[in-house]
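Source file: start.txt; contents: compact mmCIF, C-alpha atoms and all ligand atoms.
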# COMPACT_ATOMS: atom_id res chain seq x y z
CA MET A 1 0.00 0.00 0.00
CA ASN A 2 1.48 3.36 -0.89
CA PRO A 3 1.51 6.12 1.75
CA VAL A 4 -1.32 8.05 0.12
CA ASP A 5 -3.58 5.01 0.13
CA LYS A 6 -2.63 4.33 3.72
CA ARG A 7 -3.53 7.83 4.81
CA ARG A 8 -6.76 7.70 2.88
CA ARG A 9 -7.64 4.46 4.54
CA GLU A 10 -7.09 6.03 7.95
CA PHE A 11 -9.14 9.02 6.92
CA LEU A 12 -11.96 6.84 5.74
CA GLY A 13 -12.84 5.94 9.26
CA GLY A 14 -10.75 2.93 10.17
CA ALA A 15 -13.69 0.68 9.30
CA ALA A 16 -11.30 -1.73 7.61
CA ALA A 17 -9.40 -2.05 10.85
CA LEU A 18 -12.64 -2.69 12.72
CA ALA A 19 -13.92 -5.30 10.34
CA GLY A 20 -10.87 -7.47 10.17
CA ALA A 21 -7.19 -7.77 10.88
CA MET A 22 -4.78 -7.50 7.97
CA ILE A 23 -2.65 -10.63 7.90
CA ALA A 24 -0.62 -9.68 4.82
CA PRO A 25 -0.75 -6.65 2.52
CA GLY A 26 -4.20 -6.64 0.99
CA VAL A 27 -5.28 -9.86 2.72
CA PHE A 28 -7.84 -9.49 5.46
CA LEU A 29 -9.10 -11.96 7.99
CA TYR A 30 -12.73 -11.43 8.93
CA ASP A 31 -14.21 -12.34 12.27
CA TYR A 32 -17.60 -13.03 10.77
CA ALA A 33 -17.84 -15.49 7.92
CA GLN A 34 -20.89 -13.67 6.53
CA ALA A 35 -19.52 -10.16 6.75
CA LYS A 36 -18.90 -8.50 3.44
CA ALA A 37 -15.56 -6.89 2.72
CA PRO A 38 -15.38 -3.11 3.19
CA GLY A 39 -16.47 -1.37 0.02
CA GLU A 40 -18.47 -4.36 -1.23
CA PRO A 41 -22.16 -3.82 -2.00
CA ALA A 42 -24.79 -5.78 -0.08
CA SER A 43 -25.29 -9.18 -1.67
CA GLY A 44 -28.53 -10.89 -2.66
CA LYS A 45 -27.01 -14.19 -1.58
CA VAL A 46 -27.59 -13.11 2.01
CA ARG A 47 -30.95 -12.52 3.63
CA TRP A 48 -30.66 -10.99 7.06
CA GLY A 49 -33.32 -11.92 9.57
CA MET A 50 -34.06 -12.34 13.23
CA LEU A 51 -35.70 -14.96 15.37
CA VAL A 52 -37.48 -13.75 18.51
CA ASP A 53 -37.94 -16.47 21.13
CA THR A 54 -40.94 -15.42 23.21
CA THR A 55 -40.22 -18.19 25.68
CA LYS A 56 -36.99 -16.40 26.61
CA CYS A 57 -38.18 -12.79 26.40
CA GLU A 58 -38.88 -11.48 29.86
CA SER A 59 -42.03 -9.55 30.61
CA GLY A 60 -41.19 -6.05 31.79
CA CYS A 61 -37.65 -6.11 30.39
CA ASN A 62 -37.08 -3.17 28.06
CA ASP A 63 -33.38 -3.53 27.35
CA CYS A 64 -33.75 -4.00 23.58
CA VAL A 65 -35.80 -0.81 23.30
CA VAL A 66 -33.33 1.19 25.37
CA ALA A 67 -30.39 -0.17 23.34
CA CYS A 68 -32.13 0.76 20.09
CA ASN A 69 -32.81 4.30 21.27
CA THR A 70 -29.21 4.71 22.40
CA GLU A 71 -27.74 3.28 19.21
CA HIS A 72 -29.80 5.51 16.94
CA GLY A 73 -29.95 8.67 19.03
CA LEU A 74 -33.73 8.43 19.48
CA PRO A 75 -35.29 10.27 22.37
CA GLU A 76 -37.32 8.06 24.68
CA ALA A 77 -40.86 7.84 23.32
CA THR A 78 -43.27 9.62 25.62
CA ARG A 79 -46.09 10.43 23.20
CA ALA A 80 -47.93 8.27 20.70
CA THR A 81 -46.41 10.29 17.86
CA ASP A 82 -42.78 9.87 19.00
CA ALA A 83 -40.50 7.63 16.97
CA GLN A 84 -40.46 3.98 18.00
CA TRP A 85 -38.24 1.63 16.02
CA ILE A 86 -38.87 -1.27 18.37
CA ARG A 87 -41.51 -1.74 21.04
CA LYS A 88 -42.35 -4.35 23.61
CA VAL A 89 -45.72 -6.05 23.19
CA GLU A 90 -47.34 -8.03 25.98
CA LEU A 91 -50.04 -10.55 25.02
CA LYS A 92 -52.30 -12.48 27.32
CA ASP A 93 -54.61 -15.38 26.55
CA LEU A 94 -57.68 -14.45 28.61
CA ARG A 95 -58.93 -18.00 28.99
CA SER A 96 -55.72 -19.63 30.15
CA GLY A 97 -54.01 -16.56 31.53
CA LYS A 98 -50.86 -17.42 29.58
CA ALA A 99 -48.85 -14.24 28.98
CA ILE A 100 -46.35 -13.67 26.22
CA SER A 101 -43.86 -10.83 25.88
CA ALA A 102 -42.00 -9.99 22.70
CA PRO A 103 -40.34 -7.09 20.89
CA VAL A 104 -41.89 -6.00 17.59
CA MET A 105 -39.97 -3.97 15.04
CA CYS A 106 -39.84 -3.68 11.23
CA GLN A 107 -40.30 -7.25 10.04
CA HIS A 108 -38.08 -6.75 6.98
CA CYS A 109 -40.57 -8.38 4.64
CA ALA A 110 -39.48 -10.02 1.42
CA GLU A 111 -42.59 -8.44 -0.13
CA PRO A 112 -42.78 -5.15 1.76
CA PRO A 113 -46.07 -3.24 1.35
CA CYS A 114 -44.27 -0.01 2.32
CA VAL A 115 -42.10 -0.35 -0.77
CA ASP A 116 -45.09 -1.05 -3.00
CA VAL A 117 -46.93 2.11 -2.00
CA CYS A 118 -44.08 4.60 -1.79
CA PRO A 119 -44.60 7.18 -4.56
CA THR A 120 -40.97 8.33 -4.63
CA GLY A 121 -38.98 5.12 -4.31
CA ALA A 122 -37.63 6.25 -0.94
CA SER A 123 -38.90 3.11 0.77
CA PHE A 124 -36.80 0.28 -0.60
CA LYS A 125 -35.46 -3.17 0.11
CA ARG A 126 -31.75 -3.78 -0.07
CA GLU A 127 -30.31 -6.77 -1.89
CA ASP A 128 -29.75 -8.50 1.44
CA GLY A 129 -33.38 -8.08 2.52
CA ILE A 130 -33.06 -5.06 4.81
CA VAL A 131 -35.98 -2.65 4.30
CA LEU A 132 -35.00 1.01 4.62
CA VAL A 133 -36.13 4.57 3.98
CA ASP A 134 -33.80 6.71 1.89
CA ARG A 135 -34.38 10.00 3.65
CA HIS A 136 -32.83 11.93 0.78
CA THR A 137 -35.87 10.96 -1.31
CA CYS A 138 -38.64 10.62 1.31
CA ILE A 139 -41.23 13.39 1.07
CA GLY A 140 -42.93 12.47 4.32
CA CYS A 141 -46.26 11.50 2.76
CA ARG A 142 -46.62 8.59 5.22
CA TYR A 143 -48.26 6.22 2.75
CA CYS A 144 -45.82 3.57 3.95
CA MET A 145 -46.97 4.01 7.54
CA MET A 146 -50.52 3.33 6.41
CA ALA A 147 -49.46 0.30 4.40
CA CYS A 148 -47.33 -1.37 7.08
CA PRO A 149 -49.31 -4.17 8.78
CA TYR A 150 -47.01 -4.03 11.82
CA ASN A 151 -47.20 -0.33 12.63
CA ALA A 152 -43.43 -0.41 12.42
CA ARG A 153 -42.79 3.02 10.97
CA SER A 154 -42.70 6.40 12.64
CA PHE A 155 -42.83 9.93 11.30
CA VAL A 156 -40.43 12.50 12.71
CA HIS A 157 -42.61 15.42 13.77
CA GLU A 158 -40.08 17.58 15.59
CA PRO A 159 -36.66 18.97 14.68
CA THR A 160 -33.96 16.50 15.69
CA THR A 161 -30.80 17.02 17.71
CA GLY A 162 -28.02 14.75 18.87
CA GLN A 163 -27.94 12.56 15.77
CA LYS A 164 -25.34 9.81 15.64
CA PRO A 165 -22.82 10.08 12.79
CA ASP A 166 -23.98 6.72 11.40
CA VAL A 167 -27.69 7.44 11.85
CA PRO A 168 -28.76 10.69 10.23
CA ARG A 169 -32.39 11.55 10.98
CA GLY A 170 -34.50 14.66 10.59
CA LYS A 171 -37.91 16.20 10.76
CA GLY A 172 -40.29 15.42 7.92
CA CYS A 173 -39.14 11.88 7.10
CA VAL A 174 -40.46 8.46 7.97
CA GLU A 175 -38.11 6.05 9.70
CA SER A 176 -38.05 2.55 11.16
CA CYS A 177 -35.77 -0.25 12.31
CA THR A 178 -32.77 -0.50 9.96
CA LEU A 179 -31.64 -3.83 11.41
CA CYS A 180 -28.66 -1.70 12.50
CA VAL A 181 -27.52 -1.68 8.90
CA HIS A 182 -24.51 0.50 9.74
CA LYS A 183 -23.26 -2.21 12.11
CA VAL A 184 -24.25 -5.17 9.94
CA ASP A 185 -22.31 -3.70 7.02
CA ARG A 186 -19.22 -3.76 9.22
CA GLY A 187 -19.78 -7.33 10.36
CA GLY A 188 -21.69 -6.40 13.52
CA THR A 189 -24.98 -7.44 15.11
CA PRO A 190 -28.07 -5.31 15.81
CA SER A 191 -27.97 -3.53 19.16
CA CYS A 192 -31.23 -5.06 20.42
CA VAL A 193 -29.74 -8.53 19.96
CA GLU A 194 -26.61 -7.57 21.87
CA ALA A 195 -28.58 -5.92 24.68
CA CYS A 196 -30.86 -8.92 25.08
CA ALA A 197 -27.85 -11.22 25.30
CA ALA A 198 -26.14 -8.88 27.76
CA ALA A 199 -29.24 -9.04 29.96
CA GLY A 200 -28.86 -12.81 29.92
CA HIS A 201 -32.05 -13.56 27.97
CA GLU A 202 -30.76 -14.28 24.47
CA ALA A 203 -34.29 -14.02 23.15
CA ILE A 204 -33.29 -12.47 19.80
CA LEU A 205 -31.12 -14.26 17.29
CA PHE A 206 -29.72 -12.48 14.24
CA GLY A 207 -28.31 -14.12 11.15
CA ASP A 208 -28.46 -15.10 7.50
CA LEU A 209 -31.70 -16.89 6.63
CA ASN A 210 -30.23 -18.00 3.29
CA ASP A 211 -27.33 -19.86 4.84
CA PRO A 212 -28.54 -23.31 5.97
CA GLN A 213 -25.56 -23.58 8.32
CA SER A 214 -26.25 -20.33 10.19
CA GLU A 215 -27.50 -20.64 13.75
CA ILE A 216 -30.76 -18.90 12.90
CA SER A 217 -31.48 -21.26 9.98
CA ARG A 218 -30.71 -24.32 12.08
CA ARG A 219 -32.96 -23.06 14.87
CA ILE A 220 -35.80 -22.36 12.46
CA ALA A 221 -35.37 -25.83 10.99
CA SER A 222 -35.60 -27.47 14.42
CA VAL A 223 -38.27 -25.54 16.36
CA ALA A 224 -41.72 -24.27 15.37
CA THR A 225 -41.60 -20.60 14.46
CA THR A 226 -44.09 -18.26 12.81
CA GLN A 227 -44.15 -15.00 10.94
CA LEU A 228 -46.54 -12.32 12.19
CA ARG A 229 -49.62 -12.12 9.98
CA ALA A 230 -48.26 -14.85 7.71
CA ASP A 231 -51.66 -14.73 5.96
CA LEU A 232 -50.58 -11.49 4.29
CA ARG A 233 -47.75 -13.38 2.61
CA THR A 234 -45.26 -10.60 3.09
CA ASP A 235 -42.68 -13.28 3.99
CA ASN A 236 -41.18 -11.54 7.00
CA GLY A 237 -37.49 -11.73 7.79
CA VAL A 238 -38.32 -11.56 11.49
CA ARG A 239 -39.79 -14.76 12.94
CA TYR A 240 -41.26 -15.58 16.34
CA ARG A 241 -41.14 -18.68 18.46
CA GLY A 242 -43.86 -19.52 20.97
CA LEU A 243 -46.69 -17.33 19.73
CA MET B 1 -21.55 49.34 -7.93
CA ALA B 2 -19.78 52.61 -8.69
CA MET B 3 -21.98 53.23 -11.73
CA ALA B 4 -24.80 54.68 -9.67
CA GLY B 5 -23.76 58.33 -9.82
CA PHE B 6 -23.49 58.51 -13.63
CA PRO B 7 -26.34 59.28 -15.96
CA ARG B 8 -27.03 56.34 -18.22
CA GLY B 9 -24.77 56.18 -21.27
CA SER B 10 -22.40 58.94 -20.15
CA LEU B 11 -19.50 56.62 -19.37
CA ARG B 12 -16.75 56.72 -21.94
CA PRO B 13 -15.36 53.28 -22.76
CA ALA B 14 -11.96 54.04 -21.20
CA LEU B 15 -13.48 55.16 -17.94
CA ALA B 16 -15.81 52.16 -17.90
CA ALA B 17 -12.87 49.81 -18.46
CA ALA B 18 -10.90 51.46 -15.68
CA LEU B 19 -13.81 51.17 -13.28
CA LEU B 20 -14.33 47.57 -14.26
CA LEU B 21 -10.67 46.70 -13.73
CA GLY B 22 -10.73 48.40 -10.37
CA ALA B 23 -13.78 46.41 -9.38
CA VAL B 24 -12.18 43.15 -10.47
CA ALA B 25 -8.97 43.94 -8.61
CA ALA B 26 -10.86 44.78 -5.43
CA GLY B 27 -12.92 41.61 -5.76
CA ALA B 28 -9.83 39.49 -6.30
CA GLY B 29 -8.28 40.97 -3.16
CA ALA B 30 -11.28 40.04 -1.05
CA LEU B 31 -11.46 36.58 -2.64
CA ALA B 32 -7.78 35.92 -2.14
CA ALA B 33 -8.18 36.56 1.57
CA GLY B 34 -10.87 33.85 1.59
CA PRO B 35 -12.60 32.49 4.63
CA SER B 36 -10.32 31.60 7.50
CA LEU B 37 -11.16 28.02 8.40
CA ASP B 38 -10.12 25.36 10.88
CA PRO B 39 -7.19 23.30 9.55
CA ALA B 40 -7.84 19.71 8.52
CA ARG B 41 -6.74 17.19 11.09
CA ALA B 42 -4.56 14.79 9.19
CA GLY B 43 -3.13 13.96 5.82
CA PRO B 44 -4.23 15.05 2.36
CA CYS B 45 -7.86 15.20 1.33
CA VAL B 46 -9.45 12.29 -0.55
CA GLU B 47 -9.30 14.47 -3.67
CA ASP B 48 -7.35 17.50 -4.78
CA PRO B 49 -8.62 20.43 -2.65
CA LYS B 50 -9.33 22.52 -5.75
CA LEU B 51 -11.55 19.76 -7.11
CA MET B 52 -13.18 19.28 -3.72
CA ARG B 53 -14.04 22.95 -3.42
CA ARG B 54 -15.90 22.80 -6.70
CA SER B 55 -17.32 19.27 -6.71
CA HIS B 56 -17.61 17.92 -3.16
CA MET B 57 -21.41 18.07 -3.34
CA ASP B 58 -21.43 15.89 -6.44
CA PHE B 59 -19.07 13.35 -4.89
CA LEU B 60 -21.17 13.22 -1.75
CA LYS B 61 -24.39 12.83 -3.68
CA HIS B 62 -22.97 9.99 -5.75
CA ASP B 63 -21.56 8.08 -2.81
CA ARG B 64 -24.57 8.59 -0.55
CA ASP B 65 -26.64 6.54 -2.99
CA ASP B 66 -23.95 3.86 -3.03
CA THR B 67 -23.99 3.72 0.75
CA VAL B 68 -27.70 4.04 1.49
CA ARG B 69 -29.01 1.87 -1.33
CA ARG B 70 -26.21 -0.58 -2.01
CA GLY B 71 -24.56 -0.75 1.39
CA ILE B 72 -21.10 0.25 0.20
CA ARG B 73 -19.19 1.26 3.33
CA PRO B 74 -16.89 3.00 3.84
CA ALA B 75 -17.56 5.25 0.87
CA LYS B 76 -14.58 7.17 -0.45
CA HIS B 77 -16.55 10.40 -0.23
CA SER B 78 -18.52 10.22 2.98
CA LEU B 79 -19.93 13.18 4.85
CA ALA B 80 -18.95 11.59 8.16
CA GLY B 81 -15.41 11.31 6.77
CA CYS B 82 -15.39 15.05 5.92
CA VAL B 83 -16.58 15.87 9.42
CA ASP B 84 -14.02 13.61 11.10
CA CYS B 85 -11.14 15.32 9.35
CA HIS B 86 -12.34 18.91 9.28
CA ALA B 87 -13.88 19.18 12.75
CA ASN B 88 -12.73 21.94 15.05
CA ALA B 89 -9.97 20.73 17.41
CA LYS B 90 -11.77 22.08 20.49
CA ASP B 91 -15.43 21.24 20.02
CA GLY B 92 -15.14 18.54 17.34
CA ARG B 93 -17.70 20.24 15.11
CA VAL B 94 -17.86 21.64 11.58
CA LEU B 95 -20.58 24.16 12.46
CA GLY B 96 -20.76 26.88 15.08
CA SER B 97 -18.89 29.91 13.77
CA ASP B 98 -17.50 31.28 10.52
CA GLY B 99 -14.19 29.67 11.46
CA HIS B 100 -15.75 26.20 11.52
CA PHE B 101 -14.96 24.41 8.28
CA CYS B 102 -18.33 23.75 6.67
CA GLN B 103 -20.19 26.74 8.04
CA GLY B 104 -17.31 29.13 7.37
CA CYS B 105 -17.01 28.34 3.69
CA HIS B 106 -20.74 28.08 3.09
CA SER B 107 -21.43 31.43 4.69
CA TYR B 108 -18.52 32.95 2.72
CA ALA B 109 -19.95 31.55 -0.51
CA ALA B 110 -23.55 32.31 0.58
CA VAL B 111 -24.69 28.75 -0.14
CA LYS B 112 -27.35 27.20 2.06
CA LEU B 113 -26.06 24.18 3.96
CA ASP B 114 -28.79 21.76 4.96
CA CYS B 115 -26.84 18.47 5.25
CA PHE B 116 -26.67 18.96 8.99
CA ASP B 117 -30.42 19.23 9.46
CA CYS B 118 -30.20 15.44 9.56
CA HIS B 119 -26.49 14.51 9.65
CA ALA B 120 -24.33 14.81 12.74
CA ALA B 121 -21.98 17.81 12.59
CA THR B 122 -19.68 16.28 15.20
CA ALA B 123 -16.67 14.04 14.54
CA ARG B 124 -16.88 10.40 15.59
CA PRO B 125 -15.18 9.74 18.94
CA ALA B 126 -12.46 7.42 17.60
CA GLN B 127 -11.51 10.06 15.09
CA THR B 128 -11.20 12.75 17.74
CA ALA B 129 -8.86 10.54 19.77
CA SER B 130 -6.59 9.76 16.83
CA ALA B 131 -6.71 13.28 15.47
CA VAL B 132 -3.49 15.07 14.67
CA PRO B 133 -4.25 18.71 15.50
CA GLY B 134 -2.52 21.20 13.29
CA ALA B 135 -1.48 18.63 10.68
CA ALA B 136 -0.85 19.97 7.19
CA ARG B 137 -3.99 21.13 5.46
S1 LIG C 301 -43.30 8.72 3.75
FE1 LIG C 301 -41.41 8.66 2.54
S2 LIG C 301 -40.84 6.48 2.48
FE2 LIG C 301 -43.00 6.56 3.18
S3 LIG C 301 -44.23 6.33 1.31
FE3 LIG C 301 -43.96 8.56 1.61
S4 LIG C 301 -42.08 9.10 0.44
FE4 LIG C 301 -42.12 6.84 0.66
The structure in this file should be written as structure tokens.
Ligand code: SF4
Amino acid sequence: MNPVDKRRREFLGGAAALAGAMIAPGVFLYDYAQAKAPGEPASGKVRWGMLVDTTKCESGCNDCVVACNTEHGLPEATRATDAQWIRKVELKDLRSGKAISAPVMCQHCAEPPCVDVCPTGASFKREDGIVLVDRHTCIGCRYCMMACPYNARSFVHEPTTGQKPDVPRGKGCVESCTLCVHKVDRGGTPSCVEACAAAGHEAILFGDLNDPQSEISRRIASVATTQLRADLRTDNGVRYRGL
Amino acid sequence: MAMAGFPRGSLRPALAAALLLGAVAAGAGALAAGPSLDPARAGPCVEDPKLMRRSHMDFLKHDRDDTVRRGIRPAKHSLAGCVDCHANAKDGRVLGSDGHFCQGCHSYAAVKLDCFDCHAATARPAQTASAVPGAAR
């Protein structure tokens, strides 16, 4: 590497250093088998998804929500109109009294209704299945919020402050769970998954649904899981166990 | 301009040329002084500074689509990268006064700057730690 390239690389944020150790000039060793190399586009060979195990999710625990807010610089939601990228839902079967607790966020559908209805193309699905809003193009019409069966999207009503460098957000756009795309692109894991594991619950599993060897695929192949509102045939990337 | 005091059409060509030259010279003086901005933190820019001054918005616009839509990270021309390198050594920001890099030049050039309505105007922590204050521009 010539000195100019080296300096540029340092300038460009040290992401290469984060994602993998260089074992010889130009040869990198990645910690995560699925992680793409820096500078590579997202690949359609991968489909990112999550498995929420409601039998492990603890009622009253809010750690995933707090972690999401911290990661993305979201103020704590106090009003119905405040942004919520992930929320805890508590269900109770009235007859048996059986209670279930689970986080609900953007389900990263393979056939996302929000993408179908968006008049500007701002709502889109990446090659690797992550559904996002391109805020540069979003006009804030909120059609996608109407179309989403999971109430997963929020509109930003107020001017924003304290944005994170990796998570730009501003008034007048719609936003939702990005599956922590800025971390996933660098070989990381969504913050809610990490927080849940740190709290000792390990109720959320993240991984590549297309890779039969991934932990998430093996789990889905061995235990009964469901997609929310599977009748809509949106083919969600987020699945639930124990509903 | 200095034309105001003259009745229309009364300027002789020579006088007009002289006035014009004077105006250009004065303008060039003010331009040469330029905005006085925070120095970059380390190393050369990702492109030639002359090219950046003229075309940074095009580079950013091109690479933002690569990053947002195709997931290409790190982009060569990333706004967060600009901020990391050009942030003020004290407060780590590119906005705040006419000495701050982005604000200073945009107010000098009278061009509205709305990137930071959504994007963070503060350098990322790791970058602040490894910054080389006063490094060559
Ligand atoms: S609010 Fe934005 S992303 Fe949603 S449908 Fe309208 S333009 Fe598309």
As AutoDock Vina command-line options, what would the box around region 105-114 of chain B look like: edges along x, y and z, 3 Å added on every side, centre and edge lengths in Å to one decimal?
--center_x -22.9 --center_y 27.4 --center_z 2.2 --size_x 17.8 --size_y 17.2 --size_z 11.5
Counting all atoms listed in the file, the option among B:Phe116, B:Tyr108, B:Phe101, B:Phe59 closest to chain A = B:Phe116
Within 12 Å of Val89 (chain A), counting all atoms listed in the file, which residues show up once you throw out same-chain ones fewer than 6 positions away? Write them as a PyMOL selection string, please.
-> chain A and resi 54+57-62+65+99-105+150+243
Residues of chain B within 6 Å of chain A, using only C-alpha atoms, as a list of chain:residue names?
-> B:Arg70, B:Gly71, B:Ile72, B:Arg73, B:Pro74, B:Gly81, B:Cys118, B:His119, B:Ala120
What separates CA of Pro112 (chain A) and CA of Ala195 (chain A) is a distance of 27.0 Å
Show me which residues sit within 10 Å of ligand LIG 301 (chain C) when counting all atoms listed in the file, and put them as a PyMOL selection string.
-> chain A and resi 113-124+132-148+153-155+172-176
Would you please work out which residue, of B:Leu60, B:Pro35, B:Leu113, B:Cys105, is nearest to Cys82 (chain B) when using all atoms listed in the file?
->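 Result for the nearest residue to Cys82 (chain B): B:Leu60.
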Nearest to His108 (chain A) by atom-to-atom distance, counting all atoms listed in the file, from A:Val131, A:Cys64, A:Leu94, A:Ala77 =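 Answer, going by the shortest atom-to-atom distance: A:Val131.
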Show which residues sit within 6 Å of region 205-219 of chain A, as a PyMOL selection string. Count only C-alpha atoms, and ignore same-chain residues fewer than 3 positions away.
-> chain A and resi 46-51+222
Go through A:Lys45, A:His157, A:Arg239, A:Arg229 one by one, measure the shortest atom-to-atom distance of each to Asp82 (chain A) using only C-alpha atoms, and give the residue with the smallest value.
-> A:His157
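Distance-wise, CA of Asp231 (chain A) and CA of Ser96 (chain A) end up 25.0 Å apart.
Going from CA of Ile86 (chain A) over to CA of Cys192 (chain A), you cover 8.8 Å.
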Exercise: residues within 6 Å of coordinate (-45.7, 2.8, 16.5), counting only C-alpha atoms, as a list in words |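 Nearby residues: Gln84, Asn151 and Ala152 of chain A.
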